[in-house]
file protein_33.pdb (PDB, C-alpha atoms and all ligand atoms)
ATOM      1  CA  MET J  20      74.374 156.884 150.457  1.00  0.00           C
ATOM      2  CA  ARG J  21      78.146 156.905 150.149  1.00  0.00           C
ATOM      3  CA  ARG J  22      77.867 155.774 146.541  1.00  0.00           C
ATOM      4  CA  ALA J  23      75.554 158.617 145.715  1.00  0.00           C
ATOM      5  CA  ILE J  24      77.920 161.203 147.145  1.00  0.00           C
ATOM      6  CA  GLN J  25      80.914 159.704 145.402  1.00  0.00           C
ATOM      7  CA  HIS J  26      79.109 160.033 142.116  1.00  0.00           C
ATOM      8  CA  THR J  27      78.105 163.604 142.677  1.00  0.00           C
ATOM      9  CA  ILE J  28      81.629 164.952 142.833  1.00  0.00           C
ATOM     10  CA  PRO J  29      82.824 163.735 139.436  1.00  0.00           C
ATOM     11  CA  LEU J  30      79.600 165.030 137.938  1.00  0.00           C
ATOM     12  CA  LEU J  31      80.232 168.469 139.375  1.00  0.00           C
ATOM     13  CA  ILE J  32      83.744 168.451 137.972  1.00  0.00           C
ATOM     14  CA  LEU J  33      82.400 167.385 134.607  1.00  0.00           C
ATOM     15  CA  ALA J  34      79.794 170.134 134.680  1.00  0.00           C
ATOM     16  CA  ALA J  35      82.468 172.690 135.488  1.00  0.00           C
ATOM     17  CA  ALA J  36      84.640 171.401 132.663  1.00  0.00           C
ATOM     18  CA  ILE J  37      81.798 171.691 130.198  1.00  0.00           C
ATOM     19  CA  GLY J  38      80.942 175.123 131.530  1.00  0.00           C
ATOM     20  CA  SER J  39      84.491 176.342 131.037  1.00  0.00           C
ATOM     21  CA  CYS J  40      84.289 175.450 127.360  1.00  0.00           C
ATOM     22  CA  GLY J  41      81.563 178.008 127.054  1.00  0.00           C
ATOM     23  CA  ALA J  42      78.263 177.589 125.331  1.00  0.00           C
ATOM     24  CA  ARG J  43      78.224 176.077 121.904  1.00  0.00           C
ATOM     25  CA  GLY J  44      79.765 178.583 119.568  1.00  0.00           C
ATOM     26  CA  PRO J  45      77.624 180.837 117.477  1.00  0.00           C
ATOM     27  CA  GLU J  46      76.561 179.520 114.123  1.00  0.00           C
ATOM     28  CA  ARG J  47      79.556 179.531 111.860  1.00  0.00           C
ATOM     29  CA  ARG J  48      79.407 182.254 109.311  1.00  0.00           C
ATOM     30  CA  ASN J  49      80.599 181.069 105.972  1.00  0.00           C
ATOM     31  CA  SER J  50      79.255 183.691 103.653  1.00  0.00           C
ATOM     32  CA  ASP J  51      82.848 184.602 102.798  1.00  0.00           C
ATOM     33  CA  PRO J  52      84.585 181.252 102.793  1.00  0.00           C
ATOM     34  CA  GLY J  53      87.780 182.782 101.471  1.00  0.00           C
ATOM     35  CA  ILE J  54      88.029 185.235 104.351  1.00  0.00           C
ATOM     36  CA  THR J  55      86.578 183.285 107.260  1.00  0.00           C
ATOM     37  CA  PRO J  56      89.290 181.954 109.533  1.00  0.00           C
ATOM     38  CA  SER J  57      89.333 178.268 108.895  1.00  0.00           C
ATOM     39  CA  SER J  58      90.447 175.131 110.620  1.00  0.00           C
ATOM     40  CA  PRO J  59      93.713 173.584 109.376  1.00  0.00           C
ATOM     41  CA  GLU J  60      91.816 170.920 107.477  1.00  0.00           C
ATOM     42  CA  LYS J  61      89.584 173.318 105.622  1.00  0.00           C
ATOM     43  CA  ILE J  62      89.823 173.086 101.849  1.00  0.00           C
ATOM     44  CA  VAL J  63      89.640 176.379 100.022  1.00  0.00           C
ATOM     45  CA  LYS J  64      89.915 176.585  96.237  1.00  0.00           C
ATOM     46  CA  SER J  65      89.030 179.177  93.645  1.00  0.00           C
ATOM     47  CA  ASP J  66      86.045 178.736  91.356  1.00  0.00           C
ATOM     48  CA  GLU J  67      88.477 178.066  88.516  1.00  0.00           C
ATOM     49  CA  GLU J  68      90.091 175.242  90.444  1.00  0.00           C
ATOM     50  CA  TRP J  69      86.732 173.699  91.327  1.00  0.00           C
ATOM     51  CA  LYS J  70      85.529 174.043  87.742  1.00  0.00           C
ATOM     52  CA  ALA J  71      88.535 172.077  86.537  1.00  0.00           C
ATOM     53  CA  GLU J  72      87.743 169.220  88.929  1.00  0.00           C
ATOM     54  CA  LEU J  73      83.964 169.023  88.740  1.00  0.00           C
ATOM     55  CA  THR J  74      81.380 168.480  86.045  1.00  0.00           C
ATOM     56  CA  PRO J  75      79.325 171.595  85.203  1.00  0.00           C
ATOM     57  CA  GLU J  76      76.361 170.119  87.125  1.00  0.00           C
ATOM     58  CA  GLN J  77      78.496 169.325  90.186  1.00  0.00           C
ATOM     59  CA  PHE J  78      79.950 172.823  90.074  1.00  0.00           C
ATOM     60  CA  ARG J  79      76.544 174.519  89.826  1.00  0.00           C
ATOM     61  CA  VAL J  80      75.169 172.520  92.746  1.00  0.00           C
ATOM     62  CA  THR J  81      78.111 172.495  95.148  1.00  0.00           C
ATOM     63  CA  ARG J  82      79.709 175.864  94.484  1.00  0.00           C
ATOM     64  CA  GLN J  83      76.670 177.899  93.378  1.00  0.00           C
ATOM     65  CA  ALA J  84      73.980 176.231  95.513  1.00  0.00           C
ATOM     66  CA  ALA J  85      71.872 175.150  92.546  1.00  0.00           C
ATOM     67  CA  THR J  86      69.346 172.352  92.985  1.00  0.00           C
ATOM     68  CA  GLU J  87      69.170 169.423  90.593  1.00  0.00           C
ATOM     69  CA  ARG J  88      65.723 168.569  89.281  1.00  0.00           C
ATOM     70  CA  ALA J  89      63.784 166.076  91.366  1.00  0.00           C
ATOM     71  CA  PHE J  90      63.951 162.447  90.272  1.00  0.00           C
ATOM     72  CA  THR J  91      66.877 163.140  87.933  1.00  0.00           C
ATOM     73  CA  GLY J  92      69.904 162.630  90.183  1.00  0.00           C
ATOM     74  CA  LYS J  93      72.062 159.563  90.327  1.00  0.00           C
ATOM     75  CA  TYR J  94      71.164 158.506  93.860  1.00  0.00           C
ATOM     76  CA  TRP J  95      67.573 159.501  94.661  1.00  0.00           C
ATOM     77  CA  ASN J  96      66.461 155.899  94.199  1.00  0.00           C
ATOM     78  CA  ALA J  97      69.727 154.141  95.129  1.00  0.00           C
ATOM     79  CA  LYS J  98      69.502 151.354  97.684  1.00  0.00           C
ATOM     80  CA  ASP J  99      72.982 149.834  97.758  1.00  0.00           C
ATOM     81  CA  ALA J 100      74.852 149.584 101.054  1.00  0.00           C
ATOM     82  CA  GLY J 101      77.746 151.966 101.430  1.00  0.00           C
ATOM     83  CA  THR J 102      78.698 155.532 102.225  1.00  0.00           C
ATOM     84  CA  TYR J 103      78.087 158.838 100.533  1.00  0.00           C
ATOM     85  CA  HIS J 104      80.942 161.319 100.338  1.00  0.00           C
ATOM     86  CA  CYS J 105      81.353 164.956  99.371  1.00  0.00           C
ATOM     87  CA  VAL J 106      81.998 165.049  95.629  1.00  0.00           C
ATOM     88  CA  CYS J 107      84.424 167.948  96.106  1.00  0.00           C
ATOM     89  CA  CYS J 108      86.648 166.773  98.941  1.00  0.00           C
ATOM     90  CA  GLY J 109      85.694 163.191  99.803  1.00  0.00           C
ATOM     91  CA  GLU J 110      84.425 163.961 103.313  1.00  0.00           C
ATOM     92  CA  GLU J 111      82.099 161.249 104.633  1.00  0.00           C
ATOM     93  CA  LEU J 112      78.563 162.589 104.763  1.00  0.00           C
ATOM     94  CA  PHE J 113      75.926 159.866 104.975  1.00  0.00           C
ATOM     95  CA  SER J 114      75.535 156.143 105.394  1.00  0.00           C
ATOM     96  CA  SER J 115      73.121 154.155 103.272  1.00  0.00           C
ATOM     97  CA  SER J 116      71.767 152.790 106.563  1.00  0.00           C
ATOM     98  CA  THR J 117      70.059 156.126 107.248  1.00  0.00           C
ATOM     99  CA  LYS J 118      68.798 156.603 103.678  1.00  0.00           C
ATOM    100  CA  TYR J 119      65.069 156.303 103.258  1.00  0.00           C
ATOM    101  CA  GLU J 120      62.397 156.898 100.655  1.00  0.00           C
ATOM    102  CA  SER J 121      60.945 160.317 101.321  1.00  0.00           C
ATOM    103  CA  GLY J 122      59.189 160.563  97.973  1.00  0.00           C
ATOM    104  CA  CYS J 123      60.691 163.994  97.297  1.00  0.00           C
ATOM    105  CA  GLY J 124      62.907 162.932  94.390  1.00  0.00           C
ATOM    106  CA  TRP J 125      66.246 163.618  96.053  1.00  0.00           C
ATOM    107  CA  PRO J 126      68.380 161.286  98.159  1.00  0.00           C
ATOM    108  CA  SER J 127      67.032 161.608 101.690  1.00  0.00           C
ATOM    109  CA  PHE J 128      68.678 160.635 104.960  1.00  0.00           C
ATOM    110  CA  TYR J 129      67.473 160.934 108.515  1.00  0.00           C
ATOM    111  CA  ASP J 130      70.942 161.434 109.964  1.00  0.00           C
ATOM    112  CA  GLU J 131      74.468 162.445 109.063  1.00  0.00           C
ATOM    113  CA  ILE J 132      77.217 159.856 109.341  1.00  0.00           C
ATOM    114  CA  GLN J 133      79.193 161.788 111.926  1.00  0.00           C
ATOM    115  CA  GLN J 134      78.287 164.935 113.747  1.00  0.00           C
ATOM    116  CA  GLY J 135      80.443 167.821 112.595  1.00  0.00           C
ATOM    117  CA  ASN J 136      81.004 166.680 109.026  1.00  0.00           C
ATOM    118  CA  ILE J 137      78.028 168.715 107.913  1.00  0.00           C
ATOM    119  CA  ILE J 138      77.336 172.259 108.989  1.00  0.00           C
ATOM    120  CA  THR J 139      74.089 174.148 108.646  1.00  0.00           C
ATOM    121  CA  ARG J 140      73.318 177.738 107.867  1.00  0.00           C
ATOM    122  CA  ALA J 141      70.211 179.791 107.352  1.00  0.00           C
ATOM    123  CA  ASP J 142      69.083 180.135 103.747  1.00  0.00           C
ATOM    124  CA  HIS J 143      66.664 182.938 102.887  1.00  0.00           C
ATOM    125  CA  SER J 144      67.188 182.670  99.127  1.00  0.00           C
ATOM    126  CA  THR J 145      63.648 181.645  98.279  1.00  0.00           C
ATOM    127  CA  GLY J 146      61.963 184.128 100.592  1.00  0.00           C
ATOM    128  CA  MET J 147      61.183 181.429 103.145  1.00  0.00           C
ATOM    129  CA  LEU J 148      63.645 180.349 105.755  1.00  0.00           C
ATOM    130  CA  ARG J 149      65.295 177.015 105.088  1.00  0.00           C
ATOM    131  CA  THR J 150      68.324 175.369 106.631  1.00  0.00           C
ATOM    132  CA  GLU J 151      71.097 174.788 104.148  1.00  0.00           C
ATOM    133  CA  ILE J 152      73.510 171.888 104.678  1.00  0.00           C
ATOM    134  CA  VAL J 153      77.135 172.331 103.737  1.00  0.00           C
ATOM    135  CA  CYS J 154      80.268 170.170 103.839  1.00  0.00           C
ATOM    136  CA  GLN J 155      82.284 171.435 106.807  1.00  0.00           C
ATOM    137  CA  LYS J 156      85.559 170.724 105.090  1.00  0.00           C
ATOM    138  CA  CYS J 157      85.128 172.476 101.751  1.00  0.00           C
ATOM    139  CA  ASP J 158      81.867 174.435 102.067  1.00  0.00           C
ATOM    140  CA  ALA J 159      80.196 172.493  99.267  1.00  0.00           C
ATOM    141  CA  HIS J 160      76.459 173.103  99.121  1.00  0.00           C
ATOM    142  CA  LEU J 161      74.754 169.756  99.682  1.00  0.00           C
ATOM    143  CA  GLY J 162      71.063 170.550 100.023  1.00  0.00           C
ATOM    144  CA  HIS J 163      68.759 171.362 102.928  1.00  0.00           C
ATOM    145  CA  VAL J 164      67.611 169.750 106.143  1.00  0.00           C
ATOM    146  CA  PHE J 165      63.943 169.741 107.127  1.00  0.00           C
ATOM    147  CA  GLU J 166      62.167 168.706 110.288  1.00  0.00           C
ATOM    148  CA  ASP J 167      59.724 166.309 108.675  1.00  0.00           C
ATOM    149  CA  GLY J 168      61.878 163.181 108.680  1.00  0.00           C
ATOM    150  CA  PRO J 169      61.305 159.843 110.357  1.00  0.00           C
ATOM    151  CA  GLU J 170      62.375 158.760 113.817  1.00  0.00           C
ATOM    152  CA  PRO J 171      64.756 158.624 115.580  1.00  0.00           C
ATOM    153  CA  THR J 172      65.877 162.111 114.515  1.00  0.00           C
ATOM    154  CA  GLY J 173      62.768 163.547 112.873  1.00  0.00           C
ATOM    155  CA  LEU J 174      65.090 165.103 110.315  1.00  0.00           C
ATOM    156  CA  ARG J 175      65.162 164.861 106.537  1.00  0.00           C
ATOM    157  CA  TYR J 176      68.494 165.650 104.945  1.00  0.00           C
ATOM    158  CA  CYS J 177      67.452 166.367 101.381  1.00  0.00           C
ATOM    159  CA  VAL J 178      70.627 166.134  99.319  1.00  0.00           C
ATOM    160  CA  ASN J 179      71.551 166.702  95.698  1.00  0.00           C
ATOM    161  CA  SER J 180      72.992 163.581  94.085  1.00  0.00           C
ATOM    162  CA  ALA J 181      75.413 165.860  92.252  1.00  0.00           C
ATOM    163  CA  SER J 182      77.086 166.829  95.514  1.00  0.00           C
ATOM    164  CA  MET J 183      77.966 163.265  96.453  1.00  0.00           C
ATOM    165  CA  THR J 184      79.911 160.212  95.368  1.00  0.00           C
ATOM    166  CA  PHE J 185      78.949 156.762  96.565  1.00  0.00           C
ATOM    167  CA  ARG J 186      81.368 154.154  97.864  1.00  0.00           C
ATOM    168  CA  PRO J 187      79.897 150.655  98.093  1.00  0.00           C
ATOM    169  CA  ALA J 188      80.372 148.766 101.354  1.00  0.00           C
ATOM    170  CA  GLN J 189      83.166 146.235 101.202  1.00  0.00           C
ATOM    171  CA  ASP J 190      82.424 142.780 102.446  1.00  0.00           C
TER     172      ASP J 190
HETATM  173 ZN    ZN V   1      83.523 168.716 100.902  1.00  0.00          ZN
END
call {"tool": "encode", "arguments": {"input": "protein_33.pdb", "output": "structure tokens"}}
result
Amino acid sequence: MRRAIQHTIPLLILAAAIGSCGARGPERRNSDPGITPSSPEKIVKSDEEWKAELTPEQFRVTRQAATERAFTGKYWNAKDAGTYHCVCCGEELFSSSTKYESGCGWPSFYDEIQQGNIITRADHSTGMLRTEIVCQKCDAHLGHVFEDGPEPTGLRYCVNSASMTFRPAQD
């Protein structure tokens, strides 16, 4: 009995601490990345600057939310062990350990490498609601996330190869 009571108190404190942080913030609005208040690490560049650093295909996909054609990207069929990074800013996005063959023609992952590196936002561009995935650091368009993936998450991160660079595992 004493043990149970002793455990209750820290839990209550924890609950209060979480409560004081407030509910999870509202979905971040990034429709105006240049104006939105940003975290210190946020990378903001003009289209001209991005154009100078990226290939035309990378620019269209990451900065203009274009979609590469299925089965044409560099990584849709890649199986090597390593990590996938944002082509614009180098942020870690996915591990090859969560990559799987979805059959859709784009690199597909069932999880992100670290929560917070990718942010989501509603995308109504095609008339149906989809969930866009975006690099949290530089707002690069990556692709979309769907709820038809495998366990344990049930998610399918459907990503353009053009938005990523691959770094092989070192061992
Ligand atoms: Zn990025």
call {"tool": "residues_near_ligand", "arguments": {"input": "protein_33.pdb", "ligand": "ligand ZN 1 (chain V)", "cutoff": "12 Å", "atoms": "only C-alpha atoms and all ligand atoms", "output": "ChimeraX atom specification"}}
result
/J:60-64,69,77,81-82,103-112,136-138,152-161,182-184
call {"tool": "closest_atom_pairs", "arguments": {"input": "protein_33.pdb", "of": "segment 128-190 of chain J", "to": "segment 97-100 of chain J", "cutoff": "10 Å", "atoms": "only C-alpha atoms", "output": "Markdown table"}}
result
| residue | atom | partner | partner_atom | distance |
| --- | --- | --- | --- | --- |
| J:Phe185 | CA | J:Asp99 | CA | 9.2 |
| J:Arg186 | CA | J:Ala100 | CA | 8.6 |
| J:Pro187 | CA | J:Ala100 | CA | 5.9 |
| J:Ala188 | CA | J:Ala100 | CA | 5.6 |
| J:Gln189 | CA | J:Ala100 | CA | 9.0 |
call {"tool": "atom_distance", "arguments": {"input": "protein_33.pdb", "atom1": "atom CA of Phe113 of chain J", "atom2": "atom CA of Met147 of chain J"}}
result
26.2 Å
call {"tool": "atom_distance", "arguments": {"input": "protein_33.pdb", "atom1": "atom CA of Trp95 of chain J", "atom2": "atom CA of Phe165 of chain J"}}
result
16.5 Å
call {"tool": "resolve_selection", "arguments": {"input": "protein_33.pdb", "expression": "the PyMOL selection byres (((chain J and resi 126) around 6) and not hetatm)", "output": "mmCIF file with C-alpha atoms, in the coordinates of the input"}}
result
data_model
loop_
_atom_site.group_PDB
_atom_site.id
_atom_site.type_symbol
_atom_site.label_atom_id
_atom_site.label_comp_id
_atom_site.auth_asym_id
_atom_site.auth_seq_id
_atom_site.Cartn_x
_atom_site.Cartn_y
_atom_site.Cartn_z
ATOM 1 C CA TYR J 94 71.164 158.506 93.860
ATOM 2 C CA TRP J 95 67.573 159.501 94.661
ATOM 3 C CA TRP J 125 66.246 163.618 96.053
ATOM 4 C CA SER J 127 67.032 161.608 101.690
ATOM 5 C CA VAL J 178 70.627 166.134 99.319
#
call {"tool": "residues_around", "arguments": {"input": "protein_33.pdb", "residues": "Ala85 of chain J", "least_positions_apart": "6", "cutoff": "9 Å", "atoms": "all atoms listed in the file", "output": "ChimeraX atom specification"}}
result
/J:76,78-79,160,162
call {"tool": "closest_residue", "arguments": {"input": "protein_33.pdb", "among": "J:Thr102, J:Thr145, J:Thr91, J:Thr117", "to": "Pro171 of chain J", "atoms": "all atoms listed in the file"}}
result
J:Thr117
call {"tool": "closest_residue", "arguments": {"input": "protein_33.pdb", "among": "J:Ser114, J:Ser65, J:Thr172, J:Thr150", "to": "Gln133 of chain J", "atoms": "only C-alpha atoms"}}
result
J:Ser114
call {"tool": "closest_residue", "arguments": {"input": "protein_33.pdb", "among": "J:Glu72, J:Ser144, J:Pro169, J:His163", "to": "Tyr119 of chain J", "atoms": "all atoms listed in the file"}}
result
J:Pro169
call {"tool": "closest_residue", "arguments": {"input": "protein_33.pdb", "among": "J:Cys123, J:Ala89, J:Leu148, J:Leu73", "to": "Gly168 of chain J", "atoms": "all atoms listed in the file"}}
result
J:Cys123
call {"tool": "closest_residue", "arguments": {"input": "protein_33.pdb", "among": "J:Cys177, J:Asn96, J:Ser116, J:Gly146", "to": "Val164 of chain J", "atoms": "only C-alpha atoms"}}
result
J:Cys177
call {"tool": "axis_aligned_box", "arguments": {"input": "protein_33.pdb", "around": "segment 90-97 of chain J", "padding_each_side": "3 Å", "output": "lines of an AutoDock Vina configuration file"}}
result
center_x = 68.0
center_y = 158.6
center_z = 91.5
size_x = 14.1
size_y = 15.0
size_z = 13.2
call {"tool": "atom_distance", "arguments": {"input": "protein_33.pdb", "atom1": "atom CA of Lys118 of chain J", "atom2": "atom CA of Gly101 of chain J"}}
result
10.3 Å
call {"tool": "closest_residue", "arguments": {"input": "protein_33.pdb", "among": "J:Ser180, J:Ser115, J:Ser121, J:Thr139", "to": "Lys93 of chain J", "atoms": "only C-alpha atoms"}}
result
J:Ser180
